[in-house]
file upload-v5.cif (mmCIF, C-alpha atoms)
data_query
loop_
_atom_site.label_atom_id
_atom_site.label_comp_id
_atom_site.auth_asym_id
_atom_site.auth_seq_id
_atom_site.Cartn_x
_atom_site.Cartn_y
_atom_site.Cartn_z
CA ASP J 1 283.72 186.03 126.20
CA GLY J 2 286.32 188.61 125.12
CA GLY J 3 283.82 191.44 124.78
CA GLN J 4 284.39 193.35 128.00
CA ASP J 5 288.02 194.27 127.30
CA LEU J 6 286.95 195.50 123.86
CA LEU J 7 284.27 197.71 125.41
CA ASP J 8 286.83 199.15 127.82
CA ARG J 9 288.76 200.52 124.84
CA LEU J 10 285.83 202.63 123.63
CA PRO J 11 285.11 206.25 124.48
CA ALA J 12 282.00 206.79 126.58
CA PHE J 13 279.84 208.05 123.70
CA GLN J 14 280.39 204.89 121.62
CA ARG J 15 280.10 202.30 124.39
CA PRO J 16 276.25 202.08 124.48
CA LEU J 17 276.13 201.36 120.73
CA TYR J 18 278.58 198.48 120.91
CA GLU J 19 277.02 197.11 124.09
CA SER J 20 273.66 196.92 122.31
CA VAL J 21 275.01 195.22 119.18
CA PHE J 22 277.03 192.70 121.20
CA ARG J 23 273.93 191.93 123.30
CA ALA J 24 271.81 191.49 120.17
CA ALA J 25 274.39 189.09 118.73
CA ASP J 26 274.39 187.04 121.95
CA GLU J 27 270.59 186.86 121.98
CA ALA J 28 270.57 185.64 118.37
CA PHE J 29 273.19 183.01 119.25
CA VAL J 30 271.07 181.70 122.14
CA ALA J 31 267.93 181.69 119.97
CA GLY J 32 269.72 179.69 117.28
CA ARG J 33 270.60 176.84 119.61
CA VAL J 34 268.32 173.87 120.19
CA ALA J 35 267.98 173.34 123.93
CA ALA J 36 268.25 169.55 123.84
CA SER J 37 271.33 169.60 121.60
CA THR J 38 273.02 172.15 123.84
CA LYS J 39 272.30 170.07 126.94
CA LYS J 40 273.70 166.93 125.34
CA ARG J 41 276.80 168.76 124.15
CA GLU J 42 277.42 170.12 127.64
CA ALA J 43 277.04 166.63 129.08
CA GLN J 44 279.57 165.21 126.61
CA TYR J 45 282.01 168.02 127.36
CA ALA J 46 281.71 167.24 131.09
CA ASN J 47 282.56 163.61 130.27
CA TRP J 48 285.52 164.77 128.21
CA CYS J 49 286.83 166.92 131.07
CA ALA J 50 286.52 163.95 133.42
CA CYS J 51 288.52 161.88 130.94
CA VAL J 52 291.49 164.25 130.46
CA ARG J 53 291.71 165.77 133.95
CA PRO J 54 293.68 162.83 135.45
CA LEU J 55 296.10 163.06 132.52
CA GLY J 56 296.95 166.67 133.30
CA VAL J 57 295.74 167.81 129.87
CA GLY J 58 293.84 171.05 129.32
CA PRO J 59 290.30 170.27 128.14
CA LEU J 60 290.48 172.64 125.14
CA LEU J 61 293.75 171.04 123.92
CA GLN J 62 295.19 174.42 122.91
CA GLU J 63 298.75 173.74 124.06
CA THR J 64 298.69 169.95 123.77
CA PRO J 65 301.06 168.23 121.29
CA PHE J 66 299.34 166.55 118.37
CA HIS J 67 300.15 162.98 119.39
CA HIS J 68 298.80 163.63 122.88
CA ARG J 69 295.63 165.19 121.44
CA VAL J 70 294.99 162.12 119.30
CA ARG J 71 295.70 159.79 122.23
CA CYS J 72 293.25 161.69 124.47
CA LEU J 73 290.53 161.81 121.81
CA THR J 74 290.80 158.10 121.00
CA GLY J 75 290.85 157.31 124.72
CA PHE J 76 287.69 159.36 125.19
CA GLY J 77 286.10 157.52 122.29
CA SER J 78 287.02 154.16 123.83
CA LEU J 79 285.63 155.16 127.24
CA THR J 80 282.40 156.24 125.59
CA ARG J 81 282.27 153.00 123.60
CA SER J 82 282.63 150.93 126.76
CA GLY J 83 279.65 152.62 128.38
CA TYR J 84 281.82 154.19 131.08
CA PHE J 85 279.87 157.46 130.93
CA GLY J 86 276.52 155.71 130.68
CA LYS J 87 275.07 152.53 132.07
CA GLY J 88 278.18 150.42 131.68
CA LYS J 89 276.94 148.79 128.49
CA GLN J 90 278.84 148.98 125.20
CA VAL J 91 277.38 151.52 122.77
CA GLN J 92 277.54 151.57 118.99
CA SER J 93 280.07 153.49 116.92
CA ARG J 94 277.57 156.19 115.89
CA THR J 95 277.08 157.05 119.57
CA VAL J 96 280.84 157.51 119.92
CA SER J 97 280.85 159.63 116.77
CA THR J 98 278.11 161.83 118.22
CA ALA J 99 280.11 162.30 121.42
CA ILE J 100 283.27 163.28 119.53
CA THR J 101 281.31 165.66 117.30
CA ALA J 102 279.77 167.26 120.40
CA ILE J 103 283.08 168.02 122.10
CA GLY J 104 284.52 169.17 118.77
CA LYS J 105 281.80 171.78 118.45
CA THR J 106 282.48 172.89 122.02
CA PHE J 107 286.15 173.37 121.11
CA ALA J 108 285.19 175.37 118.03
CA LEU J 109 282.81 177.62 119.96
CA ALA J 110 285.49 178.26 122.60
CA HIS J 111 288.45 179.20 120.42
CA GLY J 112 287.53 178.74 116.76
CA ILE J 113 289.50 175.54 116.19
CA ASN J 114 288.14 172.00 116.20
CA PRO J 115 291.03 169.62 117.04
CA THR J 116 288.92 166.56 116.19
CA LYS J 117 288.98 167.52 112.49
CA THR J 118 291.75 167.51 109.91
CA PRO J 119 292.92 171.15 109.47
CA GLY J 120 291.11 172.78 106.56
CA SER J 121 288.64 169.91 106.28
CA ASP J 122 285.32 168.77 107.70
CA LYS J 123 286.62 165.21 108.06
CA LEU J 124 287.61 163.69 111.38
CA LEU J 125 291.26 163.03 112.04
CA PRO J 126 292.26 159.83 110.20
CA ARG J 127 292.98 157.99 113.45
CA LEU J 128 289.54 158.84 114.81
CA GLN J 129 287.76 157.95 111.59
CA GLU J 130 289.51 154.60 111.25
CA MET J 131 288.75 153.81 114.88
CA LEU J 132 285.04 154.50 114.30
CA THR J 133 285.10 152.48 111.09
CA GLY J 134 286.59 149.51 112.94
CA TRP J 135 283.91 149.64 115.62
CA GLY J 136 281.24 150.06 112.96
CA LYS J 137 282.27 146.72 111.46
CA GLN J 138 281.78 145.07 114.85
CA ASP J 139 278.37 146.62 115.51
CA PRO J 140 275.19 144.68 114.73
CA VAL J 141 273.26 145.62 111.63
CA THR J 142 271.02 148.60 112.24
CA THR J 143 267.33 147.80 112.18
CA LYS J 144 265.44 150.64 110.59
CA LYS J 145 262.17 151.59 112.22
CA LEU J 146 259.43 153.78 110.86
CA PRO J 147 258.77 156.92 112.92
CA VAL J 148 255.48 157.28 114.75
CA GLU J 149 253.77 160.38 113.37
CA VAL J 150 251.51 162.66 115.38
CA ASN J 151 248.41 161.32 113.61
CA ILE J 152 248.74 158.06 115.61
CA PRO J 153 248.14 159.56 119.08
CA GLU J 154 245.50 161.87 117.62
CA LEU J 155 243.68 158.84 116.17
CA LEU J 156 243.73 157.11 119.56
CA VAL J 157 242.31 160.22 121.19
CA ARG J 158 239.51 160.46 118.62
CA GLU J 159 238.62 156.83 119.25
CA GLY J 160 238.51 157.51 122.98
CA LEU J 161 236.17 160.46 122.45
CA CYS J 162 233.54 158.36 120.67
CA GLN J 163 230.33 158.02 122.67
CA THR J 164 230.54 154.24 122.45
CA ALA J 165 234.21 154.10 123.50
CA ALA J 166 235.10 151.94 126.49
CA GLN J 167 236.98 153.34 129.47
CA GLN J 168 240.08 151.48 128.34
CA ALA J 169 240.05 153.21 124.94
CA LYS J 170 239.65 156.58 126.65
CA ALA J 171 242.56 155.87 129.00
CA ILE J 172 244.78 154.71 126.14
CA GLY J 173 244.06 157.89 124.16
CA ASP J 174 244.70 160.15 127.15
CA HIS J 175 247.94 158.48 128.21
CA THR J 176 249.26 158.28 124.66
CA LEU J 177 248.69 161.99 124.14
CA VAL J 178 250.38 162.87 127.42
CA ALA J 179 253.37 160.67 126.55
CA TRP J 180 253.64 162.16 123.08
CA TYR J 181 253.52 165.84 123.91
CA TYR J 182 254.72 165.94 127.50
CA LEU J 183 256.98 163.04 128.37
CA LEU J 184 258.69 162.79 124.98
CA CYS J 185 258.95 166.59 124.64
CA ASN J 186 258.79 166.34 120.87
CA GLY J 187 259.20 169.59 118.98
CA GLU J 188 257.03 171.48 116.58
CA TYR J 189 257.80 173.80 113.70
CA ILE J 190 257.28 177.39 114.70
CA THR J 191 257.57 180.72 112.94
CA LYS J 192 258.26 184.10 114.40
CA GLU J 193 255.77 185.92 112.19
CA TYR J 194 252.54 185.00 110.44
CA GLY J 195 253.19 183.78 106.91
CA ALA J 196 256.93 183.46 107.43
CA ILE J 197 258.68 180.78 105.39
CA ASP J 198 261.63 180.08 107.66
CA THR J 199 260.86 177.73 110.55
CA GLN J 200 262.78 176.12 113.36
CA THR J 201 262.06 173.27 115.73
CA GLU J 202 261.57 174.03 119.40
CA GLN J 203 260.87 171.45 122.06
CA PHE J 204 257.70 171.61 124.08
CA LYS J 205 258.07 172.61 127.71
CA ALA J 206 255.84 171.80 130.65
CA LYS J 207 254.31 175.28 130.46
CA ASP J 208 253.21 174.58 126.86
CA VAL J 209 251.07 171.59 127.88
CA MET J 210 247.42 172.39 128.58
CA PHE J 211 244.42 170.21 129.32
CA PHE J 212 240.83 170.91 128.27
CA ARG J 213 237.41 169.56 129.19
CA HIS J 214 233.74 170.31 128.49
CA ASN J 215 231.61 172.12 131.02
CA ALA J 216 227.94 171.42 131.78
CA GLN J 217 226.90 173.49 128.76
CA GLY J 218 229.12 171.46 126.46
CA CYS J 219 231.64 174.26 125.92
CA LEU J 220 235.35 173.44 125.86
CA TYR J 221 237.50 175.25 128.43
CA GLN J 222 241.08 175.07 129.65
CA VAL J 223 241.59 173.24 132.92
CA PRO J 224 243.48 175.43 135.46
CA ARG J 225 247.01 174.26 136.10
CA ARG J 226 246.31 173.90 139.82
CA ALA J 227 243.15 171.85 139.32
CA ASN J 228 242.91 168.53 141.18
CA ASP J 229 242.20 165.17 139.56
CA ALA J 230 238.49 165.52 140.22
#

call {"tool": "encode", "arguments": {"input": "upload-v5.cif", "output": "structure tokens"}}
result
Amino acid sequence: DGGQDLLDRLPAFQRPLYESVFRAADEAFVAGRVAASTKKREAQYANWCACVRPLGVGPLLQETPFHHRVRCLTGFGSLTRSGYFGKGKQVQSRTVSTAITAIGKTFALAHGINPTKTPGSDKLLPRLQEMLTGWGKQDPVTTKKLPVEVNIPELLVREGLCQTAAQQAKAIGDHTLVAWYYLLCNGEYITKEYGAIDTQTEQFKAKDVMFFRHNAQGCLYQVPRRANDA
């Protein structure tokens, strides 16, 4: 990452200080990333590398002529559009835009320059933008859907907990809650300290999911992770 050769230049008495500040900066960088976004960006970059490798082009495009860069980027966009990196089914223009944005951020993190953008601007290269605009005109009209809020699965669970609830209602509530928090891995707003204003979204992990039940005395307790279905 360029840090080791800098540390080698330091006298022994200063090295521990700089090692600690560099480590703290790296930890803050990792904490600032959203795991799902990072995973998707890495997947898109792997697709990009697979696209340019046969062409003999370096994946970071540092020494690639401009016209070759544009040709590679538009080719990557077209491959993504065709579904080549997915299930073989054509995807919409916004999916292609997301893929290009992902590899652009990878470029920027690697050497500070994003070759997908016009220099000195946040806009995509004109060729890329016009390509996406053309595909956007061909795409079907987007159907907006309302998001399902957390109160929906919680309502189903409450209905399943009613004394008069049928077994089907109980099963629906249980499975909906599992799907919501576990399978979908939706995130929650967290804070580092009590009363803090700043929040960030972190995805749930398997270790965050816990199940509870009532004992013979009617007290709620956490089911051990190794408990069987009985």

call {"tool": "resolve_selection", "arguments": {"input": "upload-v5.cif", "expression": "the PyMOL selection byres ((chain J and resi 110) around 12)", "output": "count of residues only"}}
result
19

call {"tool": "atom_distance", "arguments": {"input": "upload-v5.cif", "atom1": "CA of Ala99 (chain J)", "atom2": "CA of Arg53 (chain J)"}}
result
17.4 Å

call {"tool": "closest_residue", "arguments": {"input": "upload-v5.cif", "among": "J:Gln4, J:Leu161, J:Ala166, J:Val141", "to": "Arg213 (chain J)", "atoms": "all atoms listed in the file"}}
result
J:Leu161

call {"tool": "residues_near_point", "arguments": {"input": "upload-v5.cif", "point": "(286.9, 156.3, 127.8)", "cutoff": "12 Å", "atoms": "only C-alpha atoms", "output": "list in words"}}
result
Gln44, Asn47, Trp48, Cys49, Ala50, Cys51, Val52, Arg71, Cys72, Leu73, Thr74, Gly75, Phe76, Gly77, Ser78, Leu79, Thr80, Arg81, Ser82, Gly83, Tyr84, Phe85, Gly86, Gly88, Gln90, Val91, Val96, Ala99 and Ile100 of chain J

call {"tool": "resolve_selection", "arguments": {"input": "upload-v5.cif", "expression": "the PyMOL selection byres ((chain J and resi 131-134) around 10)", "output": "PyMOL selection string"}}
result
chain J and resi 74+77-78+81+92-97+124-130+135-139

call {"tool": "atom_distance", "arguments": {"input": "upload-v5.cif", "atom1": "CA of Lys145 (chain J)", "atom2": "CA of Val209 (chain J)"}}
result
27.7 Å

call {"tool": "atom_distance", "arguments": {"input": "upload-v5.cif", "atom1": "CA of Cys162 (chain J)", "atom2": "CA of His214 (chain J)"}}
result
14.3 Å

call {"tool": "resolve_selection", "arguments": {"input": "upload-v5.cif", "expression": "the PyMOL selection byres ((chain J and resi 225) around 10)", "output": "CSV table (one decimal) with C-alpha atoms, in the coordinates of the input"}}
result
chain,number,residue,atom,x,y,z
J,207,LYS,CA,254.3,175.3,130.5
J,209,VAL,CA,251.1,171.6,127.9
J,210,MET,CA,247.4,172.4,128.6
J,211,PHE,CA,244.4,170.2,129.3
J,222,GLN,CA,241.1,175.1,129.6
J,223,VAL,CA,241.6,173.2,132.9
J,224,PRO,CA,243.5,175.4,135.5
J,226,ARG,CA,246.3,173.9,139.8
J,227,ALA,CA,243.2,171.8,139.3
J,228,ASN,CA,242.9,168.5,141.2

call {"tool": "closest_residue", "arguments": {"input": "upload-v5.cif", "among": "J:Gln217, J:Gln14, J:Ser121, J:Thr101", "to": "Lys40 (chain J)", "atoms": "all atoms listed in the file"}}
result
J:Thr101

call {"tool": "axis_aligned_box", "arguments": {"input": "upload-v5.cif", "around": "region 154-168 of chain J", "padding_each_side": "6 Å", "output": "JSON"}}
result
{"center_x": 237.9, "center_y": 156.7, "center_z": 122.8, "size_x": 27.2, "size_y": 22.4, "size_z": 25.3}
